[in-house]
Amino acid sequence: MLDHYHNVLSGKERPKFTDADLNSLEKRAIELSSPCRLCERRCGALRLKGEEGFCGVLKARIASEFLHFGEERELVPSHTVFFSGCNFKCVFCQNWDISQYPENGEPVEPDELAECIKNRWDRSKNLNWVGGEPTPNLAYIISVLKRLDAPVPQVWNSNMYLTVGAMEIVNEITDLYLTDFKYGNDECALRLSNVPEYWKIVTRNHLLAEGDMIIRHLVLPNHLECCTKPVLNWIKDNRPDAPVNVMAQYRPEYMAMKYIDIDRELRASEYIEAVKYAKDIGIRVM
Ligand code: SF4
């Protein structure tokens with residue numbers, strides 16, 4: 001479990017990006033970004049010609065970066081980089097101020113961010129790319145990695161709605177996937193995140209992801225049968241190696257009050273049932 005990640009931390013293995021052909025990966029990521037088909041929205045924005053995509057991202061903007069102590073125990077302290085903009089439109093997003101308002105971030109030159117990472121790498125266990133969503137910023141991330149000689153493991157903290165082409169690139173640079181697996185069916189994903197074909201794409205990418213993985217599942221009120229249990233069943237059958245963080249911290253934020261099923265806190269009984277179900281079917285609950 002998380003063998004490669006721990007080996008990188010102990011110096012027995014190198015982070016994947018240090019052996020990757022970053023120039024070639026950057027070129028491929030730039031090609032995929034205009035017309036953009038980095039994620040399965042495939043909105044086709046001509047980002048090199050100044051068109052913002054569905055996610056609102058043109059060039060990378062960073063909302064914050066800091067040493068995060070609130071991630072899973074294996075990951076902290078984690079040097080976390082929050083990008084603005086997201087390809088999902090979750091009505092309950094807790095980071096809605098940056099995910100849905102990509103202008104709420106600052107452009108930071110790759111040299112500057114690389115320098116900042118170098119200054120902190122000996123105090124952090126990993127570099128954690130998140131948002132919003134990191135996917136629209138893949139070329140920028142590689143550009144930063146090209147400037148980085150610190151042997152810090154890379155965490156891809158994502159909704160996993162990438163295209164296969166983007167997944168192939170991310171596989172070359174990622175030591176640990178930290179995935180957000182929310183929905184157990186397409187109807188809930190479309191209604192609450194405006195995401196089509198969620199199940200097919202996100203399960204496919206959990207199988208395409210090479211290497212270590214931690215899966216996060218946020219338990220939504222009233223979604224145990226339609227989402228939590230199908231997600232856990234799928235993990236048990238398909239990624240039994242992955243520890244799962246069954247998350248209880250749902251709060252009805254942003255536009256959740258317009259959706260009666262999720263317009264309340266999660267009940268303790270719902271969370272207890274979710275964790276019990278996971279353990280009963282043999283999931284490694286973190
Ligand atoms: S990453 Fe953004 S710009 Fe690219 S296809 Fe997805 S929504 Fe469109």
# chains A, B, ... in the order shown; residues from 1 in each chain; ligands from 1
>>> residues_around(residues="Phe54 of chain A", least_positions_apart="2", cutoff="12 Å", atoms="only C-alpha atoms", output="PyMOL selection string")
chain A and resi 36-47+51-52+56-58+85-89+99-102+136+194-195
>>> write_last_selection(atoms="N, CA and C atoms", output="mmCIF file, in the first residue's frame")
data_model
loop_
_atom_site.group_PDB
_atom_site.id
_atom_site.type_symbol
_atom_site.label_atom_id
_atom_site.label_comp_id
_atom_site.auth_asym_id
_atom_site.auth_seq_id
_atom_site.Cartn_x
_atom_site.Cartn_y
_atom_site.Cartn_z
ATOM 1 N N CYS A 36 -8.822 22.786 -26.553
ATOM 2 C CA CYS A 36 -8.618 22.062 -25.307
ATOM 3 C C CYS A 36 -9.429 20.771 -25.241
ATOM 4 N N ARG A 37 -8.705 19.705 -25.001
ATOM 5 C CA ARG A 37 -9.313 18.404 -24.713
ATOM 6 C C ARG A 37 -8.486 17.743 -23.620
ATOM 7 N N LEU A 38 -8.172 18.553 -22.621
ATOM 8 C CA LEU A 38 -7.494 18.002 -21.443
ATOM 9 C C LEU A 38 -8.475 17.233 -20.569
ATOM 10 N N CYS A 39 -9.721 17.735 -20.529
ATOM 11 C CA CYS A 39 -10.721 16.990 -19.766
ATOM 12 C C CYS A 39 -11.847 16.576 -20.696
ATOM 13 N N GLU A 40 -12.695 15.687 -20.188
ATOM 14 C CA GLU A 40 -13.730 15.104 -21.050
ATOM 15 C C GLU A 40 -14.884 16.059 -21.347
ATOM 16 N N ARG A 41 -14.820 17.288 -20.858
ATOM 17 C CA ARG A 41 -15.714 18.309 -21.416
ATOM 18 C C ARG A 41 -15.423 18.487 -22.899
ATOM 19 N N ARG A 42 -14.123 18.368 -23.228
ATOM 20 C CA ARG A 42 -13.657 18.565 -24.599
ATOM 21 C C ARG A 42 -14.280 19.819 -25.193
ATOM 22 N N CYS A 43 -14.206 20.913 -24.442
ATOM 23 C CA CYS A 43 -14.915 22.117 -24.895
ATOM 24 C C CYS A 43 -14.224 22.775 -26.081
ATOM 25 N N GLY A 44 -12.982 22.396 -26.346
ATOM 26 C CA GLY A 44 -12.320 22.869 -27.557
ATOM 27 C C GLY A 44 -11.896 24.325 -27.528
ATOM 28 N N ALA A 45 -11.824 24.919 -26.353
ATOM 29 C CA ALA A 45 -11.393 26.326 -26.274
ATOM 30 C C ALA A 45 -9.995 26.477 -26.878
ATOM 31 N N LEU A 46 -9.841 27.519 -27.666
ATOM 32 C CA LEU A 46 -8.521 27.805 -28.256
ATOM 33 C C LEU A 46 -7.742 28.632 -27.253
ATOM 34 N N ARG A 47 -7.213 27.964 -26.268
ATOM 35 C CA ARG A 47 -6.603 28.690 -25.155
ATOM 36 C C ARG A 47 -5.346 29.432 -25.574
ATOM 37 N N GLU A 51 -8.845 32.088 -25.685
ATOM 38 C CA GLU A 51 -10.202 31.671 -25.304
ATOM 39 C C GLU A 51 -10.193 30.902 -23.990
ATOM 40 N N GLU A 52 -11.029 31.344 -23.081
ATOM 41 C CA GLU A 52 -11.196 30.582 -21.836
ATOM 42 C C GLU A 52 -12.080 29.377 -22.112
ATOM 43 N N GLY A 56 -13.203 28.031 -17.247
ATOM 44 C CA GLY A 56 -12.815 29.413 -16.968
ATOM 45 C C GLY A 56 -11.316 29.638 -16.973
ATOM 46 N N VAL A 57 -10.570 28.587 -17.291
ATOM 47 C CA VAL A 57 -9.108 28.718 -17.229
ATOM 48 C C VAL A 57 -8.563 29.073 -18.611
ATOM 49 N N LEU A 58 -7.726 30.089 -18.628
ATOM 50 C CA LEU A 58 -6.966 30.407 -19.826
ATOM 51 C C LEU A 58 -5.513 30.048 -19.515
ATOM 52 N N GLY A 85 -10.377 27.914 -10.781
ATOM 53 C CA GLY A 85 -11.093 27.362 -11.934
ATOM 54 C C GLY A 85 -11.294 25.865 -11.811
ATOM 55 N N CYS A 86 -12.429 25.402 -12.340
ATOM 56 C CA CYS A 86 -12.742 23.968 -12.262
ATOM 57 C C CYS A 86 -13.655 23.579 -13.414
ATOM 58 N N ASN A 87 -13.478 22.352 -13.872
ATOM 59 C CA ASN A 87 -14.334 21.832 -14.946
ATOM 60 C C ASN A 87 -15.631 21.225 -14.393
ATOM 61 N N PHE A 88 -15.791 21.158 -13.063
ATOM 62 C CA PHE A 88 -17.036 20.714 -12.441
ATOM 63 C C PHE A 88 -17.770 21.945 -11.905
ATOM 64 N N LYS A 89 -19.067 21.812 -11.789
ATOM 65 C CA LYS A 89 -19.887 22.915 -11.254
ATOM 66 C C LYS A 89 -20.678 22.401 -10.053
ATOM 67 N N SER A 99 -13.055 27.906 -7.140
ATOM 68 C CA SER A 99 -13.336 26.964 -8.229
ATOM 69 C C SER A 99 -14.241 27.588 -9.286
ATOM 70 N N GLN A 100 -15.202 28.390 -8.841
ATOM 71 C CA GLN A 100 -16.178 28.943 -9.781
ATOM 72 C C GLN A 100 -15.842 30.383 -10.194
ATOM 73 N N TYR A 101 -14.803 30.921 -9.632
ATOM 74 C CA TYR A 101 -14.378 32.289 -9.966
ATOM 75 C C TYR A 101 -12.880 32.274 -10.252
ATOM 76 N N PRO A 102 -12.514 31.800 -11.440
ATOM 77 C CA PRO A 102 -11.092 31.628 -11.737
ATOM 78 C C PRO A 102 -10.296 32.925 -11.688
ATOM 79 N N PRO A 136 -6.830 21.498 -16.034
ATOM 80 C CA PRO A 136 -6.636 22.528 -17.063
ATOM 81 C C PRO A 136 -5.236 23.138 -17.036
ATOM 82 N N ASN A 194 -23.231 19.139 -12.806
ATOM 83 C CA ASN A 194 -23.324 19.426 -14.244
ATOM 84 C C ASN A 194 -22.248 18.690 -15.041
ATOM 85 N N VAL A 195 -22.073 17.412 -14.703
ATOM 86 C CA VAL A 195 -21.041 16.606 -15.359
ATOM 87 C C VAL A 195 -21.689 15.445 -16.097
#
>>> select_by_dssp(residues="segment 156-249 of chain A", states="helix (DSSP H, G or I)", output="ChimeraX atom specification")
/A:164-173,186-193,198-208,224-238
>>> write_last_selection(atoms="C-alpha atoms", output="tab-separated table (two decimals), in the first residue's frame")
chain	number	residue	atom	x	y	z
A	164	VAL	CA	-7.08	9.47	-21.88
A	165	GLY	CA	-4.43	11.68	-23.52
A	166	ALA	CA	-4.13	13.80	-20.39
A	167	MET	CA	-4.10	10.70	-18.16
A	168	GLU	CA	-1.14	9.33	-20.11
A	169	ILE	CA	0.81	12.50	-19.35
A	170	VAL	CA	-0.22	12.65	-15.70
A	171	ASN	CA	0.84	9.03	-15.25
A	172	GLU	CA	4.39	10.01	-16.18
A	173	ILE	CA	4.72	12.60	-13.43
A	186	ASP	CA	-24.63	9.69	-13.83
A	187	GLU	CA	-27.92	11.26	-12.74
A	188	CYS	CA	-26.55	12.62	-9.45
A	189	ALA	CA	-23.37	13.83	-11.17
A	190	LEU	CA	-25.32	15.69	-13.83
A	191	ARG	CA	-27.78	17.23	-11.40
A	192	LEU	CA	-25.29	18.29	-8.71
A	193	SER	CA	-22.08	18.94	-10.68
A	198	TYR	CA	-19.43	10.77	-14.93
A	199	TRP	CA	-19.42	7.08	-14.06
A	200	LYS	CA	-17.86	5.80	-17.28
A	201	ILE	CA	-15.12	8.43	-17.34
A	202	VAL	CA	-14.17	8.51	-13.68
A	203	THR	CA	-14.11	4.73	-13.26
A	204	ARG	CA	-12.06	4.41	-16.46
A	205	ASN	CA	-9.51	6.88	-15.12
A	206	HIS	CA	-9.25	5.15	-11.76
A	207	LEU	CA	-8.21	2.08	-13.75
A	208	LEU	CA	-5.84	3.99	-16.04
A	224	LEU	CA	-25.93	6.53	0.65
A	225	GLU	CA	-27.79	4.15	-1.65
A	226	CYS	CA	-27.34	5.98	-4.94
A	227	CYS	CA	-23.73	7.15	-4.48
A	228	THR	CA	-21.79	5.97	-1.45
A	229	LYS	CA	-22.51	2.25	-1.72
A	230	PRO	CA	-22.00	1.98	-5.50
A	231	VAL	CA	-18.71	3.90	-5.22
A	232	LEU	CA	-17.47	1.66	-2.40
A	233	ASN	CA	-18.58	-1.49	-4.25
A	234	TRP	CA	-16.70	-0.39	-7.34
A	235	ILE	CA	-13.54	0.34	-5.37
A	236	LYS	CA	-13.71	-3.03	-3.67
A	237	ASP	CA	-14.01	-4.82	-7.01
A	238	ASN	CA	-11.60	-2.70	-9.04
>>> residues_around(residues="His79 of chain A", least_positions_apart="5", cutoff="6 Å", atoms="only C-alpha atoms", output="PyMOL selection string")
chain A and resi 66-67+124+127-128
>>> write_last_selection(atoms="N, CA and C atoms", output="PDB file, in the first residue's frame")
ATOM      1  N   PHE A  66       0.545  26.677   0.199  1.00  0.00           N
ATOM      2  CA  PHE A  66       1.010  26.703   1.596  1.00  0.00           C
ATOM      3  C   PHE A  66       1.273  25.277   2.075  1.00  0.00           C
ATOM      4  N   LEU A  67       1.891  25.171   3.214  1.00  0.00           N
ATOM      5  CA  LEU A  67       2.083  23.855   3.833  1.00  0.00           C
ATOM      6  C   LEU A  67       0.784  23.474   4.528  1.00  0.00           C
ATOM      7  N   SER A 124       8.247  19.561   3.617  1.00  0.00           N
ATOM      8  CA  SER A 124       6.984  18.985   3.143  1.00  0.00           C
ATOM      9  C   SER A 124       7.224  17.568   2.639  1.00  0.00           C
ATOM     10  N   LEU A 127       4.359  17.429  -3.043  1.00  0.00           N
ATOM     11  CA  LEU A 127       3.801  18.590  -3.726  1.00  0.00           C
ATOM     12  C   LEU A 127       2.427  18.181  -4.237  1.00  0.00           C
ATOM     13  N   ASN A 128       1.414  18.906  -3.817  1.00  0.00           N
ATOM     14  CA  ASN A 128       0.020  18.482  -3.951  1.00  0.00           C
ATOM     15  C   ASN A 128      -0.700  19.465  -4.885  1.00  0.00           C
TER      16      ASN A 128
END
>>> atom_distance(atom1="atom CA of Leu32 of chain A", atom2="atom 2 (Fe, counted along the ligand's line) of ligand 1")
10.7 Å
>>> residues_around(residues="segment 217-220 of chain A", least_positions_apart="4", cutoff="10 Å", atoms="only C-alpha atoms", output="MDAnalysis selection string")
chainID A and resid 92 179:183 224 227:229 231:232 244:252 261:267 270:271 274:275
>>> write_last_selection(atoms="N, CA and C atoms", output="tab-separated table (two decimals), in the first residue's frame")
chain	number	residue	atom	x	y	z
A	92	PHE	N	-22.47	22.30	-4.28
A	92	PHE	CA	-22.15	22.33	-2.85
A	92	PHE	C	-20.66	22.57	-2.61
A	179	THR	N	-7.67	10.95	-5.24
A	179	THR	CA	-8.82	11.16	-6.12
A	179	THR	C	-10.08	11.49	-5.32
A	180	ASP	N	-10.93	12.23	-5.99
A	180	ASP	CA	-12.21	12.63	-5.41
A	180	ASP	C	-13.29	11.86	-6.19
A	181	PHE	N	-13.82	10.81	-5.58
A	181	PHE	CA	-14.79	9.93	-6.26
A	181	PHE	C	-16.13	10.15	-5.56
A	182	LYS	N	-16.97	11.00	-6.17
A	182	LYS	CA	-18.16	11.49	-5.47
A	182	LYS	C	-19.42	10.68	-5.72
A	183	TYR	N	-19.66	10.36	-6.99
A	183	TYR	CA	-21.00	9.91	-7.39
A	183	TYR	C	-21.02	8.46	-7.84
A	224	LEU	N	-26.61	7.79	0.30
A	224	LEU	CA	-25.93	6.53	0.65
A	224	LEU	C	-26.18	5.43	-0.37
A	227	CYS	N	-25.12	6.74	-4.23
A	227	CYS	CA	-23.73	7.15	-4.48
A	227	CYS	C	-22.72	6.41	-3.62
A	228	THR	N	-22.84	6.52	-2.31
A	228	THR	CA	-21.79	5.97	-1.45
A	228	THR	C	-21.60	4.46	-1.67
A	229	LYS	N	-22.67	3.71	-1.62
A	229	LYS	CA	-22.51	2.25	-1.72
A	229	LYS	C	-22.02	1.81	-3.10
A	231	VAL	N	-20.13	3.51	-5.13
A	231	VAL	CA	-18.71	3.90	-5.22
A	231	VAL	C	-17.85	2.90	-4.45
A	232	LEU	N	-18.26	2.60	-3.23
A	232	LEU	CA	-17.47	1.66	-2.40
A	232	LEU	C	-17.43	0.27	-3.03
A	244	VAL	N	-9.27	4.14	1.38
A	244	VAL	CA	-10.35	5.09	1.11
A	244	VAL	C	-10.58	5.97	2.34
A	245	ASN	N	-10.59	7.26	2.08
A	245	ASN	CA	-10.96	8.22	3.12
A	245	ASN	C	-12.45	8.52	2.95
A	246	VAL	N	-13.26	7.93	3.83
A	246	VAL	CA	-14.71	8.19	3.80
A	246	VAL	C	-14.92	9.48	4.60
A	247	MET	N	-15.32	10.53	3.89
A	247	MET	CA	-15.26	11.87	4.49
A	247	MET	C	-16.63	12.32	5.01
A	248	ALA	N	-16.58	12.91	6.20
A	248	ALA	CA	-17.81	13.30	6.89
A	248	ALA	C	-18.07	14.80	6.86
A	249	GLN	N	-17.15	15.55	6.22
A	249	GLN	CA	-17.20	17.00	6.44
A	249	GLN	C	-18.12	17.77	5.50
A	250	TYR	N	-19.13	17.09	4.97
A	250	TYR	CA	-20.07	17.80	4.10
A	250	TYR	C	-20.78	18.93	4.86
A	251	ARG	N	-20.86	20.08	4.22
A	251	ARG	CA	-21.65	21.20	4.75
A	251	ARG	C	-22.46	21.75	3.59
A	252	PRO	N	-23.70	22.16	3.83
A	252	PRO	CA	-24.50	22.71	2.72
A	252	PRO	C	-24.06	24.12	2.35
A	261	ASP	N	-32.38	17.56	-1.18
A	261	ASP	CA	-31.72	16.35	-0.66
A	261	ASP	C	-30.41	16.64	0.05
A	262	ILE	N	-29.73	17.70	-0.34
A	262	ILE	CA	-28.41	17.97	0.25
A	262	ILE	C	-28.40	19.25	1.08
A	263	ASP	N	-29.58	19.79	1.37
A	263	ASP	CA	-29.64	21.06	2.11
A	263	ASP	C	-29.65	20.82	3.62
A	264	ARG	N	-28.73	20.04	4.09
A	264	ARG	CA	-28.56	19.85	5.53
A	264	ARG	C	-27.19	19.23	5.78
A	265	GLU	N	-26.77	19.26	7.05
A	265	GLU	CA	-25.53	18.58	7.43
A	265	GLU	C	-25.71	17.06	7.27
A	266	LEU	N	-24.60	16.37	7.19
A	266	LEU	CA	-24.65	14.91	7.20
A	266	LEU	C	-24.98	14.43	8.61
A	267	ARG	N	-25.89	13.46	8.71
A	267	ARG	CA	-26.20	12.92	10.04
A	267	ARG	C	-25.10	11.94	10.46
A	270	GLU	N	-25.70	8.52	9.21
A	270	GLU	CA	-25.36	8.27	7.80
A	270	GLU	C	-23.86	7.98	7.66
A	271	TYR	N	-23.06	8.76	8.37
A	271	TYR	CA	-21.62	8.54	8.28
A	271	TYR	C	-21.23	7.18	8.85
A	274	ALA	N	-22.05	4.54	6.44
A	274	ALA	CA	-21.12	4.52	5.30
A	274	ALA	C	-19.83	3.81	5.68
A	275	VAL	N	-19.27	4.14	6.82
A	275	VAL	CA	-18.00	3.52	7.24
A	275	VAL	C	-18.19	2.04	7.52
>>> closest_residue(among="A:Glu13, A:Glu26, A:Glu197, A:Glu74", to="Ser143 of chain A", atoms="only C-alpha atoms")
A:Glu26
>>> atom_distance(atom1="atom CA of Asn95 of chain A", atom2="atom CA of Glu253 of chain A")
9.1 Å
